[in-house]
Amino acid sequence: MSEVSPVGVQFGEAISYLKGKLPEASQHWADLAGPVHAKVFTVAGATSAALAGDMQAALASALAEGKTLSQFRKEFDQVVAKHGWTYNGKRGWRSALIFNVNMRSATMAGRWAQLQQNKTNRPYLQYRTAGDARVRPQHRAWQGITRHIDDPFWLSHYPPNGWNCRCTVRAYTQREIDDSGIRVDSVPYKTVFRDVANKDGLIDRVPVGIDPGWDHNVGMSWIDPELALGAKLASLPRELRGPVVAKTISPAFQTAMNERWKAFRAGVKEVGNTGQAHIVGFVDGAVMDAMATKVPDVPLRTSAIAALDDMAVVKDGSWPAELLDELPAALRNYQAVLWDTKAASLVVVPQGGKAGKQVPVAVLDPQVRTRFGHVMAVRTLDSRPLSELAGDRYQVLVGRVQPPKAGPIRSFMRQVPGLGWL
């Protein structure tokens, strides 16, 4: 199997990756957590989403038509002139950076999709560098590392691993491994981290040798962006979670999540249950911190919450109808989150619903492994007596248990925006 060239390879998956991003204005590229870049297109200093969108279109055209950097620069100049954009750096350097970074990311993201489709035949990946003097020392140290494609190493170390990184991977069959004598590493890779502050003073934690914002698998973040983001947020140290979550999970992101859930529900009602799952939210830093402190023997590998399609329709009326269509908002705007010591599960008591002795609860399994990564799974949506939740079986992690306010969840969201689950 030939090696992958980071630039110049044209295939549908790479083009889909680049075209499928949502353009967004951004002062700094690092304003978004790494995995979000796989679904959001931004250029540092882009003053509007329209500017970012035009630059994205120029890059997608260059990838689809196999244009060179010189050809792209003509369209770069047109976009700059159209929007009156004053960017940092010289034209040659800035245009080359935008071109190379996006071409390599798109190529490697598309390559990941192909590798996943063929991993039964070629289950092993080997880290490969460009092999010249420009290769970073740490990347050179990874040269030749060979691990199974499902090894956690590739979650953070699948290239590109930084600005202008030219590293790639090569896939091997079992027979090629046996015939060549290549050693497949199976011992868990011990990643050493470092803290890095950006221009605004916000700190991120990334593996040594990887630039901030690049500590994710571009292919996995494209195919399963929510799972990649959930793993990233859960892996952050306590002091970093709040700022990173705040800058990543925006109000627009939250609104889109709620609308996607409604569309998902509509599809389930039309075609029935097919075993599909849907991401309905992310736990906030307060819950993750409480888990680390009060339930340290249950480490969280993700902050992403998923619900199977059988949760889209609660037929027995145990979960208030006014909350079901607003499940992401209901999980975010909780009055309390408890730990069920007997069932080893999280119990979310949302705001809203009907007042009385029974309160609606969402029960989450915090450690569910899927073929795409870990999730917190919504196991049940039902109602329970307040007296039961106040018993010894339940440990309060965040908030307090009290009779819920009457009225739909939307009215509460207007009063206290952004509280709780994100």
# chains A, B, ... in the order shown; residues from 1 in each chain; ligands from 1
$ select_by_dssp --residues "range 362-407 of chain A" --states "helix (DSSP H, G or I)" --output "ChimeraX atom specification"
/A:386-389
$ closest_atom_pairs --of "range 98-127 of chain A" --to "range 176-181 of chain A" --cutoff "12 Å" --atoms "only C-alpha atoms" --output "CSV"
residue,atom,partner,partner_atom,distance
A:Asn121,CA,A:Glu176,CA,10.8
A:Arg122,CA,A:Glu176,CA,9.2
A:Pro123,CA,A:Ile177,CA,10.2
A:Tyr124,CA,A:Ile177,CA,8.4
A:Leu125,CA,A:Ile177,CA,10.4
A:Gln126,CA,A:Ile177,CA,10.5
$ closest_residue --among "A:Ala130, A:Val280, A:Ile305, A:Ala292" --to "Leu324 in chain A" --atoms "only C-alpha atoms"
A:Val280
$ atom_distance --atom1 "CA of Thr302 in chain A" --atom2 "CA of His374 in chain A"
6.1 Å
$ atom_distance --atom1 "CA of Ala58 in chain A" --atom2 "CA of Arg91 in chain A"
15.8 Å
$ closest_residue --among "A:Gly275, A:Pro137, A:Pro328, A:Pro296" --to "Asp310 in chain A" --atoms "only C-alpha atoms"
A:Gly275
